[in-house]
>>> print(open('work-v3.cif').read())   # mmCIF, C-alpha atoms (C1' of nucleotides)
data_structure
#
loop_
_atom_site.label_atom_id
_atom_site.label_comp_id
_atom_site.auth_asym_id
_atom_site.auth_seq_id
_atom_site.Cartn_x
_atom_site.Cartn_y
_atom_site.Cartn_z
CA MET A 1 0.00 0.00 0.00
CA LYS A 2 2.44 2.61 1.12
CA ILE A 3 5.78 2.46 -0.50
CA GLU A 4 8.99 3.49 1.19
CA ARG A 5 11.03 5.23 -1.46
CA THR A 6 14.78 5.52 -1.35
CA ASP A 7 14.50 9.24 -0.72
CA GLY A 8 12.14 8.62 2.19
CA THR A 9 9.01 9.94 0.50
CA ASN A 10 5.81 7.98 0.99
CA THR A 11 3.67 7.39 -2.04
CA ILE A 12 0.67 5.28 -2.84
CA ASP A 13 0.85 2.47 -5.34
CA ARG A 14 -0.79 3.54 -8.58
CA ARG A 15 -3.03 0.50 -8.52
CA VAL A 16 -4.30 1.43 -5.09
CA ALA A 17 -4.96 5.00 -6.08
CA ARG A 18 -6.70 3.91 -9.23
CA THR A 19 -8.94 1.40 -7.44
CA ARG A 20 -9.95 3.80 -4.71
CA ALA A 21 -10.75 6.56 -7.15
CA LEU A 22 -12.83 4.16 -9.21
CA LEU A 23 -14.79 3.05 -6.16
CA GLN A 24 -15.41 6.57 -4.94
CA ASP A 25 -16.57 7.73 -8.34
CA ALA A 26 -18.80 4.70 -8.65
CA LEU A 27 -20.47 5.44 -5.34
CA ILE A 28 -21.12 9.05 -6.26
CA ALA A 29 -22.46 7.99 -9.63
CA LEU A 30 -24.89 5.50 -8.13
CA ILE A 31 -26.33 7.50 -5.24
CA PRO A 32 -28.41 9.87 -7.37
CA GLU A 33 -30.01 6.91 -9.15
CA ARG A 34 -31.24 4.88 -6.21
CA GLY A 35 -30.21 6.64 -3.04
CA TYR A 36 -27.36 5.64 -0.79
CA ALA A 37 -29.22 2.97 1.16
CA ALA A 38 -30.29 1.06 -1.95
CA VAL A 39 -26.78 0.79 -3.37
CA SER A 40 -25.05 -2.50 -2.61
CA VAL A 41 -21.34 -3.16 -2.45
CA ASP A 42 -21.77 -5.37 -5.45
CA ASP A 43 -23.38 -2.55 -7.42
CA ILE A 44 -20.46 -0.31 -6.63
CA CYS A 45 -17.95 -2.90 -7.74
CA ARG A 46 -19.73 -3.58 -10.99
CA GLN A 47 -19.99 0.13 -11.72
CA ALA A 48 -16.31 0.56 -10.93
CA ASN A 49 -15.15 -2.59 -12.70
CA VAL A 50 -13.43 -3.78 -9.58
CA GLY A 51 -13.58 -7.22 -8.00
CA ARG A 52 -15.72 -7.41 -4.90
CA SER A 53 -12.96 -8.94 -2.82
CA THR A 54 -10.79 -6.01 -3.82
CA PHE A 55 -13.35 -3.66 -2.33
CA TYR A 56 -12.85 -5.20 1.10
CA THR A 57 -9.10 -4.87 1.00
CA HIS A 58 -9.63 -1.10 0.87
CA TYR A 59 -12.76 -0.42 2.87
CA ALA A 60 -14.40 -2.28 5.70
CA ASP A 61 -17.86 -1.62 4.29
CA LYS A 62 -20.01 0.76 2.33
CA ASP A 63 -19.97 3.34 5.11
CA ALA A 64 -16.20 3.38 5.19
CA LEU A 65 -16.11 4.15 1.50
CA ARG A 66 -18.60 6.96 1.97
CA SER A 67 -16.61 8.38 4.85
CA ALA A 68 -13.40 8.33 2.88
CA THR A 69 -15.10 9.97 -0.07
CA MET A 70 -16.45 12.74 2.15
CA GLU A 71 -13.06 13.21 3.67
CA VAL A 72 -11.34 13.71 0.35
CA HIS A 73 -13.81 16.30 -0.80
CA LEU A 74 -14.04 18.16 2.48
CA ARG A 75 -10.30 18.52 2.27
CA SER A 76 -10.64 20.25 -1.07
CA LEU A 77 -13.28 22.49 0.47
CA ASN A 78 -10.96 23.44 3.29
CA ARG A 79 -8.29 24.51 0.84
CA ARG A 80 -10.76 26.89 -0.74
CA HIS A 81 -11.89 28.13 2.61
CA VAL A 82 -8.44 29.15 3.67
CA SER A 83 -7.43 30.77 0.41
CA ALA A 84 -10.68 32.73 0.18
CA SER A 85 -10.96 33.78 3.80
CA ARG A 86 -8.79 36.85 3.39
CA GLU A 87 -11.23 39.11 1.67
CA THR A 88 -14.18 38.55 3.97
CA GLY A 89 -15.58 41.88 5.05
CA ASN A 90 -17.53 42.15 8.27
CA ARG A 91 -20.18 39.61 7.33
CA LEU A 92 -21.76 37.63 10.09
CA PHE A 93 -20.55 34.20 9.05
CA LYS A 94 -17.34 33.56 7.21
CA PHE A 95 -17.84 29.86 6.63
CA SER A 96 -20.92 30.13 4.48
CA LEU A 97 -19.78 31.70 1.21
CA PRO A 98 -16.95 29.24 0.53
CA MET A 99 -19.36 26.42 1.16
CA PHE A 100 -21.97 27.83 -1.17
CA GLU A 101 -19.30 28.21 -3.80
CA HIS A 102 -17.95 24.72 -3.34
CA ALA A 103 -21.46 23.28 -3.46
CA HIS A 104 -22.09 25.12 -6.69
CA ALA A 105 -18.85 24.00 -8.27
CA PHE A 106 -19.37 20.37 -7.27
CA ARG A 107 -23.10 20.35 -7.74
CA SER A 108 -23.58 16.68 -8.50
CA LEU A 109 -21.32 15.60 -5.70
CA HIS A 110 -23.17 17.65 -3.13
CA HIS A 111 -26.44 16.55 -4.57
CA ALA A 112 -25.43 12.95 -4.05
CA LEU A 113 -24.26 13.54 -0.51
CA LEU A 114 -27.00 15.85 0.70
CA ALA A 115 -30.15 14.82 -1.11
CA SER A 116 -32.76 12.79 0.61
CA SER A 117 -31.00 10.39 2.85
CA GLY A 118 -33.02 7.36 1.96
CA ASP A 119 -33.93 7.91 5.55
CA THR A 120 -37.60 8.41 5.00
CA ILE A 121 -38.37 9.17 8.62
CA HIS A 122 -36.78 12.55 8.47
CA ASP A 123 -37.77 13.32 4.93
CA GLU A 124 -41.44 12.83 5.68
CA PHE A 125 -41.33 14.86 8.82
CA ARG A 126 -39.38 17.66 7.21
CA GLU A 127 -41.80 17.87 4.35
CA ARG A 128 -44.65 18.37 6.79
CA ILE A 129 -42.82 21.14 8.53
CA ARG A 130 -42.05 22.83 5.25
CA ARG A 131 -45.70 22.76 4.34
CA ALA A 132 -46.64 24.38 7.62
CA VAL A 133 -44.04 27.09 7.18
CA ARG A 134 -44.97 27.68 3.57
CA ALA A 135 -48.61 28.11 4.49
CA GLU A 136 -47.82 30.73 7.11
CA LEU A 137 -45.28 32.60 5.06
CA ALA A 138 -47.64 32.83 2.13
CA GLU A 139 -49.91 35.22 4.01
CA LYS A 140 -47.06 37.46 5.00
CA ARG A 141 -45.98 38.72 1.59
CA ILE A 142 -42.33 38.02 2.31
CA GLY A 143 -41.62 38.19 -1.38
CA ASP A 144 -42.09 41.96 -1.25
CA THR A 145 -38.85 42.36 0.66
CA GLY A 146 -36.86 40.68 -2.11
CA MET A 147 -36.56 37.46 -0.16
CA PRO A 148 -37.59 34.46 -2.28
CA VAL A 149 -40.37 32.73 -0.40
CA GLU A 150 -39.03 29.23 -0.90
CA PHE A 151 -35.64 30.29 0.37
CA ALA A 152 -37.23 31.53 3.57
CA VAL A 153 -39.27 28.34 3.84
CA GLN A 154 -36.18 26.16 3.63
CA PHE A 155 -34.33 28.37 6.07
CA ILE A 156 -37.05 28.44 8.71
CA ALA A 157 -38.05 24.80 8.37
CA GLY A 158 -34.46 23.64 8.58
CA ALA A 159 -33.86 25.77 11.63
CA PHE A 160 -37.03 24.54 13.30
CA PHE A 161 -36.24 20.89 12.72
CA ALA A 162 -32.73 21.26 14.06
CA VAL A 163 -33.88 23.11 17.15
CA LEU A 164 -36.64 20.62 17.83
CA ALA A 165 -34.29 17.66 17.55
CA TRP A 166 -31.82 19.38 19.83
CA LEU A 167 -34.37 20.21 22.50
CA VAL A 168 -35.55 16.62 22.55
CA ALA A 169 -32.11 15.07 22.61
CA ALA A 170 -30.10 17.40 24.82
CA ASP A 171 -30.98 17.90 28.42
CA THR A 172 -31.71 21.57 28.60
CA ASN A 173 -34.23 22.74 31.10
CA LEU A 174 -36.04 24.89 28.59
CA SER A 175 -39.81 24.55 28.65
CA PRO A 176 -41.65 24.14 25.36
CA ALA A 177 -42.93 27.69 25.71
CA GLN A 178 -39.42 29.03 26.23
CA GLY A 179 -38.15 27.02 23.29
CA ASP A 180 -40.88 28.44 21.12
CA GLU A 181 -40.20 31.96 22.33
CA LEU A 182 -36.54 31.66 21.37
CA PHE A 183 -37.44 30.13 18.03
CA GLN A 184 -39.90 32.90 17.26
CA ARG A 185 -37.36 35.53 18.17
CA MET A 186 -34.63 34.08 15.95
CA ALA A 187 -37.04 33.58 13.08
CA GLU A 188 -38.38 37.10 13.30
CA LYS A 189 -35.29 39.12 14.13
CA GLY A 190 -32.32 36.83 13.62
CA ILE A 191 -29.06 36.95 15.53
CA GLY A 192 -29.11 40.71 15.55
CA GLY A 193 -32.44 40.96 17.39
CA GLY A 194 -31.87 42.14 20.95
CA ARG A 195 -33.80 40.88 23.93
CA GLY A 196 -37.59 40.93 23.84
CA PRO A 197 -39.95 42.90 21.60
CA MET B 1 -59.11 -7.25 10.12
CA LYS B 2 -62.03 -4.89 9.80
CA ILE B 3 -65.25 -6.22 11.12
CA GLU B 4 -68.62 -5.32 9.72
CA ARG B 5 -70.87 -4.93 12.70
CA THR B 6 -74.63 -5.40 12.57
CA ASP B 7 -75.10 -1.67 13.06
CA GLY B 8 -72.74 -0.93 10.17
CA THR B 9 -69.90 0.44 12.31
CA ASN B 10 -66.39 -0.59 11.37
CA THR B 11 -64.10 -1.63 14.18
CA ILE B 12 -60.74 -3.29 14.42
CA ASP B 13 -60.37 -6.71 15.91
CA ARG B 14 -58.83 -6.51 19.36
CA ARG B 15 -56.11 -8.93 18.37
CA VAL B 16 -55.14 -6.74 15.45
CA ALA B 17 -55.06 -3.61 17.56
CA ARG B 18 -53.00 -5.38 20.21
CA THR B 19 -50.47 -6.75 17.73
CA ARG B 20 -49.98 -3.45 15.95
CA ALA B 21 -49.56 -1.56 19.17
CA LEU B 22 -47.01 -4.11 20.35
CA LEU B 23 -45.03 -3.80 17.12
CA GLN B 24 -45.06 -0.03 17.15
CA ASP B 25 -43.98 0.12 20.76
CA ALA B 26 -41.24 -2.40 20.08
CA LEU B 27 -39.86 -0.32 17.23
CA ILE B 28 -39.81 2.82 19.33
CA ALA B 29 -38.17 0.95 22.17
CA LEU B 30 -35.41 -0.44 19.95
CA ILE B 31 -34.47 2.63 17.93
CA PRO B 32 -32.72 4.47 20.77
CA GLU B 33 -30.57 1.42 21.48
CA ARG B 34 -29.16 0.74 18.02
CA GLY B 35 -30.61 3.26 15.62
CA TYR B 36 -33.34 2.59 13.11
CA ALA B 37 -31.12 1.09 10.42
CA ALA B 38 -29.62 -1.54 12.70
CA VAL B 39 -32.96 -2.85 13.94
CA SER B 40 -34.14 -5.96 12.10
CA VAL B 41 -37.70 -7.16 11.68
CA ASP B 42 -36.74 -10.13 13.78
CA ASP B 43 -35.57 -7.87 16.59
CA ILE B 44 -38.87 -6.05 16.55
CA CYS B 45 -40.82 -9.27 16.71
CA ARG B 46 -38.81 -10.67 19.57
CA GLN B 47 -39.15 -7.41 21.49
CA ALA B 48 -42.90 -7.41 20.81
CA ASN B 49 -43.42 -11.13 21.43
CA VAL B 50 -45.03 -11.50 18.05
CA GLY B 51 -44.39 -14.13 15.42
CA ARG B 52 -42.37 -12.91 12.48
CA SER B 53 -44.92 -14.12 9.98
CA THR B 54 -47.52 -12.12 11.85
CA PHE B 55 -45.49 -9.00 11.27
CA TYR B 56 -45.83 -9.38 7.52
CA THR B 57 -49.60 -9.77 7.67
CA HIS B 58 -49.72 -6.22 9.05
CA TYR B 59 -46.85 -4.38 7.43
CA ALA B 60 -45.03 -4.87 4.16
CA ASP B 61 -41.68 -4.13 5.75
CA LYS B 62 -39.87 -2.17 8.43
CA ASP B 63 -40.47 1.12 6.67
CA ALA B 64 -44.19 0.54 6.55
CA LEU B 65 -44.25 0.01 10.29
CA ARG B 66 -42.31 3.19 10.81
CA SER B 67 -44.63 5.13 8.55
CA ALA B 68 -47.71 3.86 10.34
CA THR B 69 -46.19 4.71 13.70
CA MET B 70 -45.43 8.22 12.54
CA GLU B 71 -48.93 8.58 11.17
CA VAL B 72 -50.56 7.62 14.44
CA HIS B 73 -48.57 10.09 16.44
CA LEU B 74 -48.81 12.93 13.96
CA ARG B 75 -52.55 12.51 14.17
CA SER B 76 -52.42 13.04 17.90
CA LEU B 77 -50.30 16.11 17.28
CA ASN B 78 -52.86 17.50 14.87
CA ARG B 79 -55.57 17.15 17.46
CA ARG B 80 -53.53 19.28 19.82
CA HIS B 81 -52.78 21.76 17.11
CA VAL B 82 -56.42 22.40 16.36
CA SER B 83 -57.57 22.63 19.94
CA ALA B 84 -54.72 24.96 20.89
CA SER B 85 -54.78 27.18 17.85
CA ARG B 86 -57.48 29.46 19.22
CA GLU B 87 -55.40 31.40 21.66
CA THR B 88 -52.49 32.19 19.37
CA GLY B 89 -51.82 35.88 19.46
CA ASN B 90 -50.03 37.54 16.59
CA ARG B 91 -46.96 35.37 16.75
CA LEU B 92 -45.09 34.74 13.56
CA PHE B 93 -45.61 30.99 13.36
CA LYS B 94 -48.58 29.18 14.77
CA PHE B 95 -47.37 25.67 14.09
CA SER B 96 -44.34 25.76 16.31
CA LEU B 97 -45.63 25.90 19.86
CA PRO B 98 -47.92 22.87 19.56
CA MET B 99 -45.01 20.94 18.09
CA PHE B 100 -42.66 21.92 20.85
CA GLU B 101 -45.27 20.88 23.37
CA HIS B 102 -45.94 17.58 21.71
CA ALA B 103 -42.25 16.87 21.45
CA HIS B 104 -41.85 17.58 25.13
CA ALA B 105 -44.79 15.41 26.12
CA PHE B 106 -43.63 12.49 23.99
CA ARG B 107 -39.96 13.01 24.53
CA SER B 108 -38.75 9.47 24.02
CA LEU B 109 -40.88 9.02 20.92
CA HIS B 110 -39.52 12.12 19.27
CA HIS B 111 -36.04 11.23 20.36
CA ALA B 112 -36.38 7.90 18.63
CA LEU B 113 -37.76 9.42 15.45
CA LEU B 114 -35.53 12.46 15.18
CA ALA B 115 -32.21 11.49 16.63
CA SER B 116 -29.31 10.63 14.41
CA SER B 117 -30.64 8.84 11.43
CA GLY B 118 -28.05 6.14 11.31
CA ASP B 119 -27.38 8.05 8.18
CA THR B 120 -23.88 9.07 9.00
CA ILE B 121 -23.35 11.12 5.87
CA HIS B 122 -25.55 13.90 7.11
CA ASP B 123 -24.63 13.61 10.73
CA GLU B 124 -20.94 14.09 9.99
CA PHE B 125 -21.52 17.00 7.71
CA ARG B 126 -23.92 18.69 10.09
CA GLU B 127 -21.50 18.36 12.95
CA ARG B 128 -18.87 20.18 10.91
CA ILE B 129 -21.25 22.99 10.16
CA ARG B 130 -22.24 23.28 13.80
CA ARG B 131 -18.60 23.58 14.75
CA ALA B 132 -18.09 26.37 12.25
CA VAL B 133 -21.15 28.23 13.50
CA ARG B 134 -20.23 27.71 17.12
CA ALA B 135 -16.77 29.12 16.52
CA GLU B 136 -18.12 32.25 14.91
CA LEU B 137 -20.92 32.82 17.39
CA ALA B 138 -18.54 32.46 20.31
CA GLU B 139 -16.83 35.75 19.43
CA LYS B 140 -20.07 37.60 19.14
CA ARG B 141 -21.29 37.43 22.74
CA ILE B 142 -24.75 36.33 21.71
CA GLY B 143 -25.34 35.09 25.22
CA ASP B 144 -25.60 38.69 26.40
CA THR B 145 -28.93 39.09 24.63
CA GLY B 146 -30.50 36.24 26.60
CA MET B 147 -30.20 33.87 23.65
CA PRO B 148 -28.56 30.58 24.69
CA VAL B 149 -25.57 30.17 22.41
CA GLU B 150 -26.20 26.51 21.66
CA PHE B 151 -29.76 27.28 20.69
CA ALA B 152 -28.56 29.82 18.16
CA VAL B 153 -25.96 27.35 16.89
CA GLN B 154 -28.57 24.68 16.25
CA PHE B 155 -30.87 27.20 14.65
CA ILE B 156 -28.32 28.67 12.26
CA ALA B 157 -26.62 25.40 11.39
CA GLY B 158 -29.96 23.72 10.70
CA ALA B 159 -31.04 26.60 8.52
CA PHE B 160 -27.76 26.62 6.63
CA PHE B 161 -27.81 22.93 5.90
CA ALA B 162 -31.38 23.06 4.66
CA VAL B 163 -30.70 26.03 2.43
CA LEU B 164 -27.53 24.49 1.02
CA ALA B 165 -29.27 21.22 0.21
CA TRP B 166 -32.10 23.11 -1.42
CA LEU B 167 -29.85 25.25 -3.58
CA VAL B 168 -28.01 22.19 -4.80
CA ALA B 169 -31.11 20.14 -5.50
CA ALA B 170 -33.59 22.66 -6.83
CA ASP B 171 -32.94 24.50 -10.02
CA THR B 172 -32.93 28.08 -8.91
CA ASN B 173 -30.78 30.52 -10.81
CA LEU B 174 -29.32 31.97 -7.65
CA SER B 175 -25.56 32.37 -7.69
CA PRO B 176 -23.54 31.21 -4.68
CA ALA B 177 -22.99 34.84 -3.77
CA GLN B 178 -26.68 35.60 -3.92
CA GLY B 179 -27.47 32.52 -1.86
CA ASP B 180 -24.98 33.59 0.73
CA GLU B 181 -26.33 37.11 0.75
CA LEU B 182 -29.85 35.83 1.45
CA PHE B 183 -28.56 33.47 4.10
CA GLN B 184 -26.65 36.23 5.84
CA ARG B 185 -29.68 38.46 5.79
CA MET B 186 -32.00 35.86 7.28
CA ALA B 187 -29.44 34.87 9.90
CA GLU B 188 -28.80 38.45 10.92
CA LYS B 189 -32.25 40.01 10.74
CA GLY B 190 -34.75 37.16 10.34
CA ILE B 191 -38.01 37.32 8.49
CA GLY B 192 -38.69 40.79 9.78
CA GLY B 193 -35.54 42.28 8.24
CA GLY B 194 -36.50 44.40 5.24
CA ARG B 195 -34.42 44.68 2.12
CA GLY B 196 -30.74 45.45 2.48
CA PRO B 197 -28.91 47.03 5.42
"C1'" DA C 1 -71.17 -22.31 21.29
"C1'" DT C 2 -69.92 -21.51 16.74
"C1'" DC C 3 -67.17 -19.83 13.35
"C1'" DA C 4 -64.64 -16.46 11.02
"C1'" DT C 5 -60.40 -14.43 11.65
"C1'" DA C 6 -55.86 -13.73 13.54
"C1'" DC C 7 -51.63 -15.71 15.44
"C1'" DT C 8 -47.85 -19.19 15.23
"C1'" DG C 9 -43.60 -21.38 14.02
"C1'" DG C 10 -41.15 -23.60 10.76
"C1'" DA C 11 -39.60 -24.19 5.95
"C1'" DC C 12 -38.15 -22.11 1.75
"C1'" DA C 13 -35.84 -19.20 -1.91
"C1'" DC C 14 -33.29 -15.26 -2.32
"C1'" DA C 15 -30.13 -11.34 -1.75
"C1'" DA C 16 -26.32 -9.13 0.50
"C1'" DT C 17 -22.43 -9.22 3.67
"C1'" DG C 18 -17.80 -10.14 4.95
"C1'" DT C 19 -13.84 -13.63 4.87
"C1'" DC C 20 -10.55 -16.46 2.66
"C1'" DC C 21 -7.51 -18.30 -0.79
"C1'" DA C 22 -4.62 -19.54 -4.84
"C1'" DG C 23 -3.34 -17.78 -9.07
"C1'" DA C 24 -2.84 -14.01 -12.44
"C1'" DA C 25 -1.56 -9.27 -13.31
"C1'" DT C 26 0.95 -5.10 -12.60
"C1'" DG C 27 3.55 -1.36 -10.96
"C1'" DC C 28 8.09 -0.56 -8.35
"C1'" DC C 29 12.92 -0.30 -8.28
"C1'" DG C 30 17.57 -1.90 -8.64
"C1'" DC D 1 15.20 -4.82 -18.51
"C1'" DG D 2 13.84 -8.27 -15.18
"C1'" DG D 3 12.99 -9.92 -10.54
"C1'" DC D 4 9.90 -9.37 -6.94
"C1'" DA D 5 6.68 -7.55 -3.80
"C1'" DT D 6 2.22 -6.11 -3.81
"C1'" DT D 7 -2.32 -5.80 -5.60
"C1'" DC D 8 -6.19 -7.54 -8.17
"C1'" DT D 9 -9.27 -11.31 -9.24
"C1'" DG D 10 -13.03 -14.55 -9.15
"C1'" DG D 11 -15.04 -18.09 -6.90
"C1'" DA D 12 -16.32 -20.63 -2.62
"C1'" DC D 13 -18.16 -20.29 1.93
"C1'" DA D 14 -20.72 -19.24 6.28
"C1'" DT D 15 -23.86 -15.97 8.06
"C1'" DT D 16 -27.60 -12.83 8.46
"C1'" DG D 17 -31.78 -10.71 7.04
"C1'" DT D 18 -35.87 -10.60 3.92
"C1'" DG D 19 -40.35 -11.79 2.33
"C1'" DT D 20 -43.65 -15.73 1.23
"C1'" DC D 21 -46.31 -19.66 2.28
"C1'" DC D 22 -48.74 -23.06 4.81
"C1'" DA D 23 -51.11 -26.12 8.10
"C1'" DG D 24 -52.34 -26.06 12.76
"C1'" DT D 25 -53.81 -23.57 16.85
"C1'" DA D 26 -55.79 -19.81 19.58
"C1'" DT D 27 -59.11 -16.21 20.30
"C1'" DG D 28 -62.38 -12.56 19.83
"C1'" DA D 29 -67.09 -11.50 17.68
"C1'" DT D 30 -71.85 -12.43 17.71
#
>>> encode(input="work-v3.cif", output="structure tokens")
Amino acid sequence: MKIERTDGTNTIDRRVARTRALLQDALIALIPERGYAAVSVDDICRQANVGRSTFYTHYADKDALRSATMEVHLRSLNRRHVSASRETGNRLFKFSLPMFEHAHAFRSLHHALLASSGDTIHDEFRERIRRAVRAELAEKRIGDTGMPVEFAVQFIAGAFFAVLAWLVAADTNLSPAQGDELFQRMAEKGIGGGRGP
Amino acid sequence: MKIERTDGTNTIDRRVARTRALLQDALIALIPERGYAAVSVDDICRQANVGRSTFYTHYADKDALRSATMEVHLRSLNRRHVSASRETGNRLFKFSLPMFEHAHAFRSLHHALLASSGDTIHDEFRERIRRAVRAELAEKRIGDTGMPVEFAVQFIAGAFFAVLAWLVAADTNLSPAQGDELFQRMAEKGIGGGRGP
DNA sequence: ATCATACTGGACACAATGTCCAGAATGCCG
DNA sequence: CGGCATTCTGGACATTGTGTCCAGTATGAT
């Protein structure tokens, strides 16, 4: 696998590099078709033209392959992040723009990694929340402020889901009413909104 | 399964009701231990003391059981929603408080349904985003406004992830920069923030 | 008490996982 | 170039889970 060169440099055998790249590409190619859960190791190997036993000499299982693939691409994102982070003005969050850019540049990759998990529990629940948000935002003529309605829907619904999951999982002593109050405040006024009305 | 009574009423056989309840409870009991993905139909049946063949006379597969379980409990949530929706003042979102309350009342249920999907792709990625948000919020002394920092982190990170996934999946013609601009605006000023600074 | 209906447990075919091996192929390096 | 270490291969194997089917038994409805 690793080769000790005479000059001390470590390199990876071409065959290894080739095989791993093939497997990673195959995974990314297959996810959009059937979803991550429905892709079998065998599918990946056939798509990659790699023997199944070879797969297991590189990755313990499908999840390991996915992890490694993520890792590789997050590394490339980090490089961007660093090189771009100079010219950030006084925006609130510095991490977001590089990520938006990376996502745009590697559209299909991100699509494969982010799109519906195959985990239908969440997807169903999220969709319900989005509907509720959409219904309420529709009356409020958000569009007039130049904010695309669907953008706001995704933003609010995503925030709500995350907060709900956190409140249920973590052991805060926030009451439901307090949780809602905080949620309403953030949704209405954002980070910049001071205390109370 | 359904029984046609002499008076025309439809009821469900007690045995059916019992079995389904047992299976649903079993699923909910097992998810926190190993995660949804790692629970097998056999596990559910053993936990519920129900024959495996019986399982398949009620549900096509594990997902069907999960769906039905969700359905039952979302129905109970809707009942609350309706009965509580009278006294809502002029808050921004009406759907949220009932949900927070329901989640609190059925803590373990929601925990089982919402907690980490077993879908490690998302969980890893989300955690990275949370770290980024946490780092940036730490400098900003959000806590001084009475907003718990971790609450804000969950809110912003959840919103960001949702918006990113949406931008990648849907075919909007928003540029990364525009997406970021909208995100920054919502994060900073919320729904109430008019156009521009 | 009768009888329609639901539950049971075991058998079956099938698909996917992960391990192992002996032989063929291929890149590394002297 | 040529020897050699390493990797790739394909097939066999045990194991686990899935979904279907059936004949026999239990149980709730009326």
>>> residues_around(input="work-v3.cif", residues="D:DC21", least_positions_apart="5", cutoff="12 Å", atoms="all atoms listed in the file", output="PyMOL selection string")
(chain B and resi 53+56-57) or (chain C and resi 10-13)
>>> closest_residue(input="work-v3.cif", among="A:Leu77, A:Ala21, A:Leu97, A:Ala138", to="chain B", atoms="all atoms listed in the file")
A:Leu97
>>> resolve_selection(input="work-v3.cif", expression="the PyMOL selection byres ((chain C) within 12 of (chain A))", output="list in words")
DA15, DA16, DT17, DG18, DT19, DC20, DC21, DA25, DT26, DG27, DC28, DC29 and DG30 of chain C
>>> resolve_selection(input="work-v3.cif", expression="the PyMOL selection byres ((chain A) within 7 of (chain B))", output="MDAnalysis selection string")
chainID A and resid 92:93 95:97 100:101 103:104 107 110:111 113:115 117 119 121:122 132 136 145:146 151 154:156 158:160 162:165 168:169 176:177 180 184 186:195
>>> interface_residues(input="work-v3.cif", of="chain D", to="chain B", cutoff="8 Å", atoms="only C-alpha atoms (C1' of nucleotides)", output="PyMOL selection string")
chain D and resi 17+19+28
>>> atom_distance(input="work-v3.cif", atom1="atom CA of A:Leu22", atom2="atom CA of A:Glu71")
15.7 Å
>>> atom_distance(input="work-v3.cif", atom1="atom CA of A:Asp25", atom2="atom CA of A:Val50")
12.0 Å
>>> atom_distance(input="work-v3.cif", atom1="atom C1' of D:DA5", atom2="atom CA of A:Leu65")
26.2 Å
>>> resolve_selection(input="work-v3.cif", expression="the PyMOL selection byres ((chain D and resi 25) around 8)", output="number ranges by chain")
C: 8; D: 24, 26
>>> build_atoms(input="work-v3.cif", residues="stretch 30-42 of chain B", atoms="N, CA and C atoms", output="PDB file, keeping the file's coordinate frame")
ATOM      1  N   LEU B  30     -36.696   0.055  20.456  1.00  0.00           N
ATOM      2  CA  LEU B  30     -35.410  -0.440  19.950  1.00  0.00           C
ATOM      3  C   LEU B  30     -34.568   0.645  19.285  1.00  0.00           C
ATOM      4  N   ILE B  31     -35.220   1.619  18.658  1.00  0.00           N
ATOM      5  CA  ILE B  31     -34.470   2.630  17.930  1.00  0.00           C
ATOM      6  C   ILE B  31     -33.412   3.340  18.769  1.00  0.00           C
ATOM      7  N   PRO B  32     -33.742   3.778  19.987  1.00  0.00           N
ATOM      8  CA  PRO B  32     -32.720   4.470  20.770  1.00  0.00           C
ATOM      9  C   PRO B  32     -31.498   3.602  21.052  1.00  0.00           C
ATOM     10  N   GLU B  33     -31.687   2.298  21.143  1.00  0.00           N
ATOM     11  CA  GLU B  33     -30.570   1.420  21.480  1.00  0.00           C
ATOM     12  C   GLU B  33     -29.564   1.296  20.333  1.00  0.00           C
ATOM     13  N   ARG B  34     -30.090   1.031  19.119  1.00  0.00           N
ATOM     14  CA  ARG B  34     -29.160   0.740  18.020  1.00  0.00           C
ATOM     15  C   ARG B  34     -29.323   1.647  16.820  1.00  0.00           C
ATOM     16  N   GLY B  35     -30.338   2.486  16.823  1.00  0.00           N
ATOM     17  CA  GLY B  35     -30.610   3.260  15.620  1.00  0.00           C
ATOM     18  C   GLY B  35     -31.520   2.487  14.698  1.00  0.00           C
ATOM     19  N   TYR B  36     -32.312   3.212  13.949  1.00  0.00           N
ATOM     20  CA  TYR B  36     -33.340   2.590  13.110  1.00  0.00           C
ATOM     21  C   TYR B  36     -32.760   1.570  12.141  1.00  0.00           C
ATOM     22  N   ALA B  37     -31.669   1.939  11.471  1.00  0.00           N
ATOM     23  CA  ALA B  37     -31.120   1.090  10.420  1.00  0.00           C
ATOM     24  C   ALA B  37     -30.702  -0.275  10.957  1.00  0.00           C
ATOM     25  N   ALA B  38     -30.197  -0.303  12.168  1.00  0.00           N
ATOM     26  CA  ALA B  38     -29.620  -1.540  12.700  1.00  0.00           C
ATOM     27  C   ALA B  38     -30.673  -2.455  13.326  1.00  0.00           C
ATOM     28  N   VAL B  39     -31.903  -2.009  13.377  1.00  0.00           N
ATOM     29  CA  VAL B  39     -32.960  -2.850  13.940  1.00  0.00           C
ATOM     30  C   VAL B  39     -33.541  -3.746  12.856  1.00  0.00           C
ATOM     31  N   SER B  40     -33.583  -5.050  13.095  1.00  0.00           N
ATOM     32  CA  SER B  40     -34.140  -5.960  12.100  1.00  0.00           C
ATOM     33  C   SER B  40     -35.595  -6.288  12.443  1.00  0.00           C
ATOM     34  N   VAL B  41     -36.305  -6.767  11.456  1.00  0.00           N
ATOM     35  CA  VAL B  41     -37.700  -7.160  11.680  1.00  0.00           C
ATOM     36  C   VAL B  41     -37.752  -8.213  12.778  1.00  0.00           C
ATOM     37  N   ASP B  42     -36.794  -9.088  12.762  1.00  0.00           N
ATOM     38  CA  ASP B  42     -36.740 -10.130  13.780  1.00  0.00           C
ATOM     39  C   ASP B  42     -36.596  -9.536  15.169  1.00  0.00           C
TER      40      ASP B  42
END
